[in-house]
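Everything below belongs to start_31.cif, which stores mmCIF, C-alpha atoms.
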data_run
#
loop_
_atom_site.label_atom_id
_atom_site.label_comp_id
_atom_site.auth_asym_id
_atom_site.auth_seq_id
_atom_site.Cartn_x
_atom_site.Cartn_y
_atom_site.Cartn_z
CA MET A 3 -18.97 -8.41 -18.05
CA ALA A 4 -16.44 -9.30 -15.39
CA PRO A 5 -15.99 -6.73 -12.62
CA LEU A 6 -12.78 -4.75 -12.31
CA LYS A 7 -10.12 -5.69 -9.77
CA PHE A 8 -8.56 -2.91 -7.71
CA CYS A 9 -5.15 -2.88 -6.06
CA ALA A 10 -3.92 -0.42 -3.47
CA ASN A 11 -0.89 1.65 -4.41
CA ILE A 12 0.85 1.69 -1.03
CA THR A 13 3.19 4.49 -2.06
CA TRP A 14 0.09 6.73 -2.11
CA LEU A 15 -2.38 4.94 0.18
CA PHE A 16 -2.09 4.03 3.86
CA THR A 17 0.72 6.54 4.30
CA GLU A 18 -0.55 6.99 7.86
CA LEU A 19 1.77 4.02 8.46
CA PRO A 20 5.52 4.48 7.96
CA ASP A 21 6.53 1.07 6.61
CA PHE A 22 5.45 -0.63 3.41
CA SER A 23 4.97 -3.92 5.23
CA GLN A 24 2.55 -2.22 7.65
CA ARG A 25 0.70 -0.71 4.72
CA MET A 26 0.34 -4.18 3.21
CA TYR A 27 -1.40 -5.40 6.36
CA ALA A 28 -3.62 -2.30 6.34
CA ALA A 29 -4.53 -2.81 2.69
CA ALA A 30 -5.51 -6.41 3.35
CA ALA A 31 -7.57 -5.38 6.38
CA ALA A 32 -9.39 -2.82 4.20
CA GLY A 33 -10.40 -5.55 1.78
CA PHE A 34 -7.79 -5.27 -0.96
CA GLN A 35 -6.47 -8.50 -2.42
CA ALA A 36 -3.52 -6.88 -4.17
CA VAL A 37 -1.06 -4.00 -3.84
CA GLU A 38 1.40 -2.10 -6.00
CA ALA A 39 4.17 0.32 -5.11
CA ALA A 40 6.74 2.58 -6.69
CA TRP A 41 10.03 2.08 -4.86
CA LEU A 42 10.32 -0.51 -2.11
CA TYR A 43 14.09 -0.66 -2.14
CA ASP A 44 14.72 0.94 1.25
CA SER A 45 12.48 -1.67 2.87
CA ASP A 46 13.58 -4.97 4.36
CA LEU A 47 12.85 -7.52 1.64
CA GLN A 48 12.30 -10.37 4.08
CA GLU A 49 9.78 -8.30 6.01
CA LEU A 50 7.93 -7.55 2.78
CA GLN A 51 7.93 -11.26 1.97
CA ARG A 52 6.51 -12.08 5.40
CA ALA A 53 3.77 -9.47 4.98
CA ARG A 54 2.85 -10.83 1.56
CA GLU A 55 2.70 -14.39 2.81
CA ALA A 56 0.75 -13.48 5.95
CA THR A 57 -1.86 -11.42 4.12
CA GLY A 58 -2.09 -13.44 0.91
CA LEU A 59 -1.82 -10.21 -1.06
CA GLU A 60 -0.68 -10.27 -4.66
CA VAL A 61 2.06 -7.76 -5.39
CA VAL A 62 0.95 -6.52 -8.81
CA LEU A 63 3.53 -3.91 -9.82
CA ILE A 64 6.77 -2.25 -8.77
CA ASN A 65 8.87 0.44 -10.48
CA THR A 66 12.51 0.41 -11.43
CA PRO A 67 14.54 2.66 -9.10
CA PRO A 68 14.50 6.38 -9.89
CA GLY A 69 18.28 6.83 -9.84
CA ASN A 70 19.75 9.75 -7.92
CA VAL A 71 16.67 11.68 -6.82
CA LYS A 72 18.73 14.46 -5.24
CA ALA A 73 20.40 15.01 -8.60
CA GLY A 74 17.03 15.19 -10.33
CA ASP A 75 16.62 11.62 -11.62
CA LEU A 76 13.23 9.99 -12.08
CA GLY A 77 14.16 6.80 -13.88
CA LEU A 78 17.01 5.96 -16.24
CA GLY A 79 15.46 4.04 -19.15
CA ALA A 80 15.78 6.76 -21.78
CA VAL A 81 18.66 8.77 -20.35
CA PRO A 82 21.77 8.79 -22.60
CA GLY A 83 24.97 7.65 -20.95
CA ARG A 84 23.20 5.91 -18.06
CA GLU A 85 22.69 2.51 -19.73
CA ALA A 86 24.91 0.61 -17.30
CA GLU A 87 23.07 2.12 -14.33
CA PHE A 88 19.75 1.18 -15.89
CA ARG A 89 20.85 -2.44 -16.17
CA GLN A 90 22.02 -2.47 -12.57
CA SER A 91 18.72 -0.98 -11.42
CA LEU A 92 16.83 -3.58 -13.45
CA ASP A 93 18.76 -6.36 -11.71
CA LEU A 94 17.70 -4.97 -8.32
CA THR A 95 14.08 -4.66 -9.44
CA VAL A 96 14.01 -8.23 -10.71
CA LYS A 97 15.45 -9.41 -7.39
CA PHE A 98 12.56 -7.77 -5.51
CA ALA A 99 9.98 -8.86 -8.06
CA ARG A 100 11.13 -12.46 -7.90
CA ALA A 101 11.04 -12.49 -4.11
CA LEU A 102 7.57 -10.92 -4.02
CA HIS A 103 6.13 -12.96 -6.92
CA CYS A 104 5.48 -9.68 -8.76
CA LYS A 105 4.79 -10.09 -12.48
CA ARG A 106 4.83 -6.46 -13.67
CA ILE A 107 7.61 -3.89 -13.62
CA HIS A 108 7.25 -0.26 -14.64
CA LEU A 109 10.43 0.57 -16.58
CA MET A 110 10.75 4.28 -15.89
CA ALA A 111 11.89 6.42 -18.83
CA GLY A 112 13.38 9.31 -16.86
CA ARG A 113 13.72 13.02 -17.42
CA VAL A 114 15.23 15.08 -20.20
CA PRO A 115 18.68 16.10 -18.88
CA GLU A 116 18.70 19.61 -17.44
CA ASP A 117 21.21 21.00 -19.93
CA SER A 118 19.37 19.56 -22.95
CA ASN A 119 16.62 20.74 -25.25
CA ARG A 120 13.74 18.26 -25.43
CA THR A 121 13.31 18.55 -29.19
CA ALA A 122 17.01 18.33 -29.93
CA ILE A 123 17.62 15.25 -27.80
CA ALA A 124 14.32 13.42 -28.42
CA LYS A 125 15.61 11.04 -31.09
CA GLU A 126 18.67 10.10 -29.04
CA MET A 127 16.57 9.47 -25.92
CA GLU A 128 14.10 7.38 -27.89
CA ALA A 129 16.91 5.26 -29.31
CA VAL A 130 18.36 4.70 -25.83
CA PHE A 131 14.92 3.80 -24.49
CA VAL A 132 14.25 1.31 -27.29
CA GLN A 133 17.63 -0.32 -26.70
CA ASN A 134 17.10 -0.53 -22.94
CA LEU A 135 13.56 -1.86 -23.33
CA SER A 136 14.74 -4.54 -25.73
CA TYR A 137 17.41 -5.57 -23.23
CA ALA A 138 14.87 -5.57 -20.39
CA ALA A 139 12.38 -7.62 -22.40
CA ASP A 140 14.82 -10.50 -22.71
CA ILE A 141 15.69 -10.40 -19.00
CA LEU A 142 12.04 -10.19 -17.93
CA ALA A 143 10.93 -12.94 -20.31
CA LYS A 144 13.10 -15.41 -18.41
CA GLU A 145 11.20 -14.48 -15.24
CA GLY A 146 7.72 -14.45 -16.76
CA ILE A 147 7.47 -10.72 -16.04
CA THR A 148 5.80 -8.03 -18.14
CA GLY A 149 7.59 -4.71 -18.51
CA LEU A 150 5.51 -1.55 -18.69
CA ILE A 151 6.16 2.00 -19.87
CA GLU A 152 4.03 4.82 -18.51
CA PRO A 153 3.51 8.27 -20.01
CA ILE A 154 3.63 10.91 -17.26
CA ASN A 155 2.09 14.30 -17.96
CA THR A 156 4.42 17.24 -18.48
CA ARG A 157 1.77 19.90 -17.90
CA ILE A 158 1.28 19.47 -14.15
CA THR A 159 3.28 16.60 -12.70
CA ASP A 160 6.73 16.66 -14.30
CA PRO A 161 7.62 19.12 -17.10
CA MET A 162 10.92 17.32 -17.80
CA TYR A 163 9.71 13.72 -18.07
CA PHE A 164 10.63 12.21 -21.44
CA LEU A 165 7.63 9.95 -22.04
CA ASP A 166 4.49 12.08 -21.84
CA SER A 167 1.77 10.77 -24.17
CA PRO A 168 0.18 7.45 -25.10
CA HIS A 169 0.92 8.15 -28.77
CA GLN A 170 4.65 8.53 -28.08
CA ALA A 171 4.62 5.39 -25.94
CA ALA A 172 2.80 3.34 -28.58
CA ALA A 173 5.31 4.37 -31.25
CA ILE A 174 8.18 3.29 -28.99
CA LEU A 175 6.52 -0.04 -28.22
CA GLU A 176 6.12 -0.68 -31.93
CA LYS A 177 9.87 -0.15 -32.41
CA VAL A 178 10.69 -2.44 -29.48
CA GLY A 179 8.39 -5.14 -30.82
CA LYS A 180 8.49 -7.35 -27.74
CA PRO A 181 5.23 -8.97 -26.57
CA ASN A 182 6.15 -8.68 -22.88
CA ILE A 183 6.66 -4.89 -22.99
CA LYS A 184 3.32 -3.10 -22.76
CA LEU A 185 1.66 0.22 -22.07
CA GLN A 186 0.72 1.38 -18.59
CA MET A 187 -2.35 3.60 -18.74
CA ASP A 188 -2.57 6.07 -15.89
CA ILE A 189 -5.87 7.76 -16.67
CA PHE A 190 -4.84 10.83 -14.66
CA HIS A 191 -1.88 11.50 -16.96
CA TRP A 192 -3.73 10.59 -20.16
CA GLN A 193 -6.55 13.02 -19.42
CA ILE A 194 -4.17 15.89 -18.71
CA MET A 195 -2.05 15.36 -21.81
CA ASP A 196 -4.57 14.31 -24.42
CA GLY A 197 -8.11 13.74 -23.16
CA ASN A 198 -10.13 11.81 -25.76
CA LEU A 199 -10.14 8.89 -23.33
CA THR A 200 -12.85 6.81 -24.99
CA GLN A 201 -11.05 6.72 -28.32
CA ASN A 202 -7.58 6.34 -26.79
CA ILE A 203 -8.67 3.40 -24.64
CA GLN A 204 -10.20 1.74 -27.68
CA LYS A 205 -7.16 2.45 -29.86
CA TYR A 206 -4.51 1.30 -27.43
CA PHE A 207 -6.41 -1.37 -25.51
CA PRO A 208 -4.54 -4.27 -27.21
CA ILE A 209 -1.21 -3.02 -25.82
CA ILE A 210 -2.39 -1.90 -22.37
CA GLY A 211 -0.85 -4.04 -19.64
CA HIS A 212 -1.90 -2.12 -16.53
CA VAL A 213 -4.26 0.69 -15.52
CA GLN A 214 -4.03 3.32 -12.78
CA ILE A 215 -6.63 5.85 -11.66
CA ALA A 216 -7.05 9.22 -9.95
CA GLN A 217 -9.36 12.19 -10.37
CA VAL A 218 -8.26 15.22 -12.40
CA PRO A 219 -6.94 17.75 -11.55
CA GLY A 220 -6.52 17.07 -7.83
CA ARG A 221 -5.31 13.47 -8.13
CA ASN A 222 -7.69 12.41 -5.38
CA GLU A 223 -10.26 9.60 -5.06
CA PRO A 224 -12.06 8.72 -8.30
CA ASP A 225 -15.41 9.83 -6.86
CA SER A 226 -14.07 13.23 -5.74
CA ALA A 227 -14.91 16.43 -7.62
CA GLY A 228 -13.14 16.73 -10.94
CA GLU A 229 -13.17 16.30 -14.70
CA LEU A 230 -13.54 12.53 -14.96
CA ASN A 231 -16.68 10.40 -14.91
CA TYR A 232 -15.29 7.19 -13.46
CA SER A 233 -18.62 5.39 -13.61
CA TYR A 234 -18.39 5.73 -17.38
CA LEU A 235 -14.67 4.93 -17.52
CA PHE A 236 -15.02 1.80 -15.39
CA ASN A 237 -17.85 0.64 -17.62
CA THR A 238 -15.67 1.34 -20.66
CA LEU A 239 -12.88 -0.85 -19.30
CA GLU A 240 -15.36 -3.61 -18.49
CA THR A 241 -16.88 -3.40 -21.96
CA HIS A 242 -13.45 -3.87 -23.51
CA GLY A 243 -12.91 -6.89 -21.29
CA TYR A 244 -10.05 -5.54 -19.20
CA GLN A 245 -8.97 -8.33 -16.86
CA GLY A 246 -5.89 -6.87 -15.17
CA TYR A 247 -5.73 -4.85 -11.98
CA VAL A 248 -6.63 -1.19 -11.65
CA GLY A 249 -4.08 0.55 -9.46
CA CYS A 250 -5.40 3.12 -6.99
CA GLU A 251 -2.67 5.73 -7.31
CA TYR A 252 -4.27 8.79 -5.76
CA LYS A 253 -3.90 11.17 -2.81
CA PRO A 254 -6.67 10.59 -0.27
CA LEU A 255 -8.47 13.78 0.71
CA GLY A 256 -8.57 12.54 4.30
CA SER A 257 -7.49 9.25 5.77
CA THR A 258 -7.08 6.37 3.34
CA GLU A 259 -9.91 4.32 4.84
CA GLU A 260 -12.32 7.27 4.93
CA GLY A 261 -11.76 7.69 1.21
CA LEU A 262 -12.50 4.10 0.20
CA GLY A 263 -16.25 4.60 -0.04
CA TRP A 264 -15.92 4.87 -3.82
CA ILE A 265 -15.28 1.11 -4.01
CA LYS A 266 -18.69 0.48 -2.44
CA TRP A 267 -20.07 3.05 -4.90
CA TYR A 268 -18.54 1.06 -7.76
CA TRP A 269 -20.15 -2.20 -6.66
CA THR A 270 -23.48 -0.48 -6.00
CA GLY A 271 -23.39 0.96 -9.49
CA ARG A 272 -22.74 -2.44 -11.03
CA LYS A 273 -25.79 -3.92 -9.28
CA SER A 274 -28.16 -1.10 -10.22
#
Produce structure tokens that represent the structure in this file.
Amino acid sequence: MAPLKFCANITWLFTELPDFSQRMYAAAAAGFQAVEAAWLYDSDLQELQRAREATGLEVVLINTPPGNVKAGDLGLGAVPGREAEFRQSLDLTVKFARALHCKRIHLMAGRVPEDSNRTAIAKEMEAVFVQNLSYAADILAKEGITGLIEPINTRITDPMYFLDSPHQAAAILEKVGKPNIKLQMDIFHWQIMDGNLTQNIQKYFPIIGHVQIAQVPGRNEPDSAGELNYSYLFNTLETHGYQGYVGCEYKPLGSTEEGLGWIKWYWTGRKS
């Protein structure tokens, strides 16, 4: 079985450094060969390009912009009436992805509007999301980019997020029916919302396009105290033949570098 490949999420890791470009250098120095990030759009794109070229890092994944964070936005993909803004945000994301040779974009669904009832508006939001994903699929196909949708748990992290389970996401992907729109599995969110990880990984593996990890419930290093047995989960991904990157999207308990011992633990476990 091929070993897993890990990428540093520099929105969460190496935050001891203020700039994303600096974090890229730090990630490379720590041994990572790839990085991912949520929103890079306040950074100087040319500086990010220079950091990528200097380090040789692969930029694995970026997110579409959140929208107006102060107004409560966290993505626009499924939000009724915001279709034009979604398309504009997608254009910006593709610009950054193209410049950074990034081949995966997380197309954020967004939150249920504050004045709306989740149940009452669910069908409308799903229809908007399917339409926007279909539009995005055609744009991304021209760039050789895979779009991803990620369920985010509504029990701890974000009670108002529209897309909150792998089952909901899979049903939406089936309606979209585009081969370059896939499922992003953040094991942290999946465990909180549904558990049953062994069966869910097996069931949805054919449509999984990216994986992210963190311990539950603290969202810290995978070897920290918590509910999840990552030795087992890593072996499960290997057994299924997962060949993509595993994004390290967690909050270090101390400094980022002090918390990277789990990677050595992973390799030690593979050799034993």
Handout entry: Test item: the PyMOL selection byres ((chain A and resi 198-207) around 12) resolved as a ChimeraX atom specification
Key = /A:167-173,175-176,184-197,208-213,229-232,234-246
Practice task
Identify all residues satisfying the PyMOL selection byres ((chain A and resi 33-48) around 9) in the given file; provide them as a ChimeraX atom specification.
Solution key: /A:7-14,21-23,26,28-32,49-53,57-68,94-95,98,101-102,108,247,249-251
Exercise for the section: Between A:Gly149, A:Gly79, A:Pro181, A:Pro254, single out the one closest to Gln217 in chain A, counting only C-alpha atoms. Expected result: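 Checking each candidate against Gln217 in chain A, we get A:Pro254 as the closest.
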Name all residues at most 6 Å from Met162 in chain A (count all atoms listed in the file; drop same-chain ones fewer than 2 positions away) and give them as a tab-separated table (two decimals) with C-alpha atoms, in the frame of the given file.
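Result went into result.tsv, see below:
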chain	number	residue	atom	x	y	z
A	113	ARG	CA	13.72	13.02	-17.42
A	114	VAL	CA	15.23	15.08	-20.20
A	160	ASP	CA	6.73	16.66	-14.30
Practice task
To verify the selection step, state as a list in words which residues the PyMOL selection byres ((chain A and resi 137) around 12) yields on this input.
Solution key: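 Written out, the selection comes to Gly79, Glu85, Ala86, Phe88, Arg89, Leu92, Asp93, Leu109, Val130, Phe131, Val132, Gln133, Asn134, Leu135, Ser136, Ala138, Ala139, Asp140, Ile141, Leu142, Ala143, Lys144, Gly149, Val178, Gly179, Lys180, Asn182 and Ile183 of chain A.
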Range 201-246 of chain A from the block above: N, CA and C atoms written as a compact mmCIF listing (two decimals), in the first residue's frame:
# COMPACT_ATOMS: atom_id res chain seq x y z
N GLN A 201 -17.67 2.78 7.50
CA GLN A 201 -18.68 2.55 6.47
C GLN A 201 -18.84 3.75 5.55
N ASN A 202 -18.77 4.95 6.10
CA ASN A 202 -18.92 6.15 5.27
C ASN A 202 -17.75 6.32 4.31
N ILE A 203 -16.54 6.03 4.78
CA ILE A 203 -15.38 6.11 3.88
C ILE A 203 -15.54 5.10 2.75
N GLN A 204 -15.94 3.89 3.09
CA GLN A 204 -16.13 2.87 2.06
C GLN A 204 -17.23 3.27 1.08
N LYS A 205 -18.34 3.78 1.60
CA LYS A 205 -19.48 4.12 0.76
C LYS A 205 -19.17 5.26 -0.19
N TYR A 206 -18.49 6.28 0.31
CA TYR A 206 -18.30 7.49 -0.48
C TYR A 206 -16.91 7.61 -1.10
N PHE A 207 -16.08 6.61 -0.89
CA PHE A 207 -14.70 6.70 -1.39
C PHE A 207 -14.63 7.04 -2.89
N PRO A 208 -15.49 6.46 -3.75
CA PRO A 208 -15.38 6.77 -5.18
C PRO A 208 -15.58 8.25 -5.53
N ILE A 209 -16.23 9.02 -4.65
CA ILE A 209 -16.47 10.43 -4.97
C ILE A 209 -15.65 11.37 -4.10
N ILE A 210 -14.76 10.83 -3.26
CA ILE A 210 -13.93 11.66 -2.41
C ILE A 210 -12.76 12.21 -3.23
N GLY A 211 -12.61 13.53 -3.22
CA GLY A 211 -11.54 14.17 -3.97
C GLY A 211 -10.47 14.80 -3.10
N HIS A 212 -10.70 14.87 -1.80
CA HIS A 212 -9.70 15.44 -0.89
C HIS A 212 -10.08 15.05 0.53
N VAL A 213 -9.07 14.96 1.40
CA VAL A 213 -9.27 14.56 2.79
C VAL A 213 -8.60 15.58 3.70
N GLN A 214 -9.25 15.88 4.83
CA GLN A 214 -8.64 16.72 5.86
C GLN A 214 -8.80 16.04 7.22
N ILE A 215 -7.89 16.38 8.14
CA ILE A 215 -7.88 15.68 9.42
C ILE A 215 -7.73 16.63 10.60
N ALA A 216 -8.27 16.20 11.73
CA ALA A 216 -8.07 16.83 13.04
C ALA A 216 -8.72 15.90 14.06
N GLN A 217 -8.23 15.98 15.29
CA GLN A 217 -8.81 15.17 16.36
C GLN A 217 -10.16 15.76 16.79
N VAL A 218 -11.00 14.92 17.35
CA VAL A 218 -12.31 15.31 17.86
C VAL A 218 -12.34 15.07 19.37
N PRO A 219 -12.82 16.01 20.18
CA PRO A 219 -13.52 17.23 19.78
C PRO A 219 -12.66 18.49 19.71
N GLY A 220 -11.40 18.42 20.12
CA GLY A 220 -10.61 19.64 20.26
C GLY A 220 -10.10 20.24 18.98
N ARG A 221 -10.13 19.50 17.90
CA ARG A 221 -9.61 19.91 16.59
C ARG A 221 -8.11 20.19 16.65
N ASN A 222 -7.42 19.33 17.39
CA ASN A 222 -5.97 19.46 17.52
C ASN A 222 -5.26 18.38 16.70
N GLU A 223 -3.97 18.16 16.97
CA GLU A 223 -3.18 17.18 16.24
C GLU A 223 -3.86 15.81 16.25
N PRO A 224 -3.69 15.03 15.20
CA PRO A 224 -4.34 13.72 15.14
C PRO A 224 -3.91 12.75 16.22
N ASP A 225 -2.73 12.94 16.82
CA ASP A 225 -2.29 12.05 17.89
C ASP A 225 -2.61 12.60 19.27
N SER A 226 -3.36 13.72 19.34
CA SER A 226 -3.75 14.27 20.64
C SER A 226 -4.93 13.48 21.20
N ALA A 227 -5.26 13.71 22.46
CA ALA A 227 -6.35 12.98 23.10
C ALA A 227 -7.67 13.29 22.44
N GLY A 228 -8.46 12.26 22.19
CA GLY A 228 -9.76 12.49 21.57
C GLY A 228 -10.42 11.20 21.14
N GLU A 229 -11.47 11.33 20.35
CA GLU A 229 -12.32 10.20 19.98
C GLU A 229 -11.73 9.33 18.88
N LEU A 230 -10.87 9.88 18.05
CA LEU A 230 -10.50 9.21 16.81
C LEU A 230 -9.18 8.45 16.91
N ASN A 231 -9.18 7.26 16.34
CA ASN A 231 -7.98 6.42 16.25
C ASN A 231 -7.40 6.63 14.85
N TYR A 232 -6.46 7.56 14.74
CA TYR A 232 -5.95 7.90 13.41
C TYR A 232 -5.03 6.83 12.84
N SER A 233 -4.43 6.02 13.67
CA SER A 233 -3.66 4.90 13.14
C SER A 233 -4.58 4.01 12.31
N TYR A 234 -5.75 3.73 12.84
CA TYR A 234 -6.74 2.92 12.12
C TYR A 234 -7.25 3.65 10.88
N LEU A 235 -7.57 4.94 11.02
CA LEU A 235 -8.13 5.70 9.90
C LEU A 235 -7.13 5.86 8.77
N PHE A 236 -5.87 6.11 9.10
CA PHE A 236 -4.85 6.21 8.06
C PHE A 236 -4.72 4.87 7.32
N ASN A 237 -4.74 3.80 8.08
CA ASN A 237 -4.65 2.47 7.45
C ASN A 237 -5.87 2.21 6.56
N THR A 238 -7.03 2.69 6.99
CA THR A 238 -8.24 2.53 6.19
C THR A 238 -8.11 3.26 4.86
N LEU A 239 -7.61 4.49 4.89
CA LEU A 239 -7.41 5.24 3.65
C LEU A 239 -6.40 4.55 2.74
N GLU A 240 -5.33 4.05 3.33
CA GLU A 240 -4.32 3.33 2.54
C GLU A 240 -4.92 2.08 1.90
N THR A 241 -5.71 1.35 2.68
CA THR A 241 -6.32 0.12 2.19
C THR A 241 -7.23 0.39 0.99
N HIS A 242 -7.92 1.51 1.03
CA HIS A 242 -8.79 1.88 -0.08
C HIS A 242 -8.01 2.45 -1.27
N GLY A 243 -6.72 2.67 -1.07
CA GLY A 243 -5.90 3.17 -2.17
C GLY A 243 -5.99 4.66 -2.38
N TYR A 244 -6.24 5.42 -1.32
CA TYR A 244 -6.31 6.87 -1.46
C TYR A 244 -4.96 7.43 -1.88
N GLN A 245 -4.94 8.20 -2.96
CA GLN A 245 -3.68 8.70 -3.52
C GLN A 245 -3.57 10.21 -3.47
N GLY A 246 -4.60 10.89 -3.01
CA GLY A 246 -4.55 12.35 -2.93
C GLY A 246 -3.82 12.80 -1.67
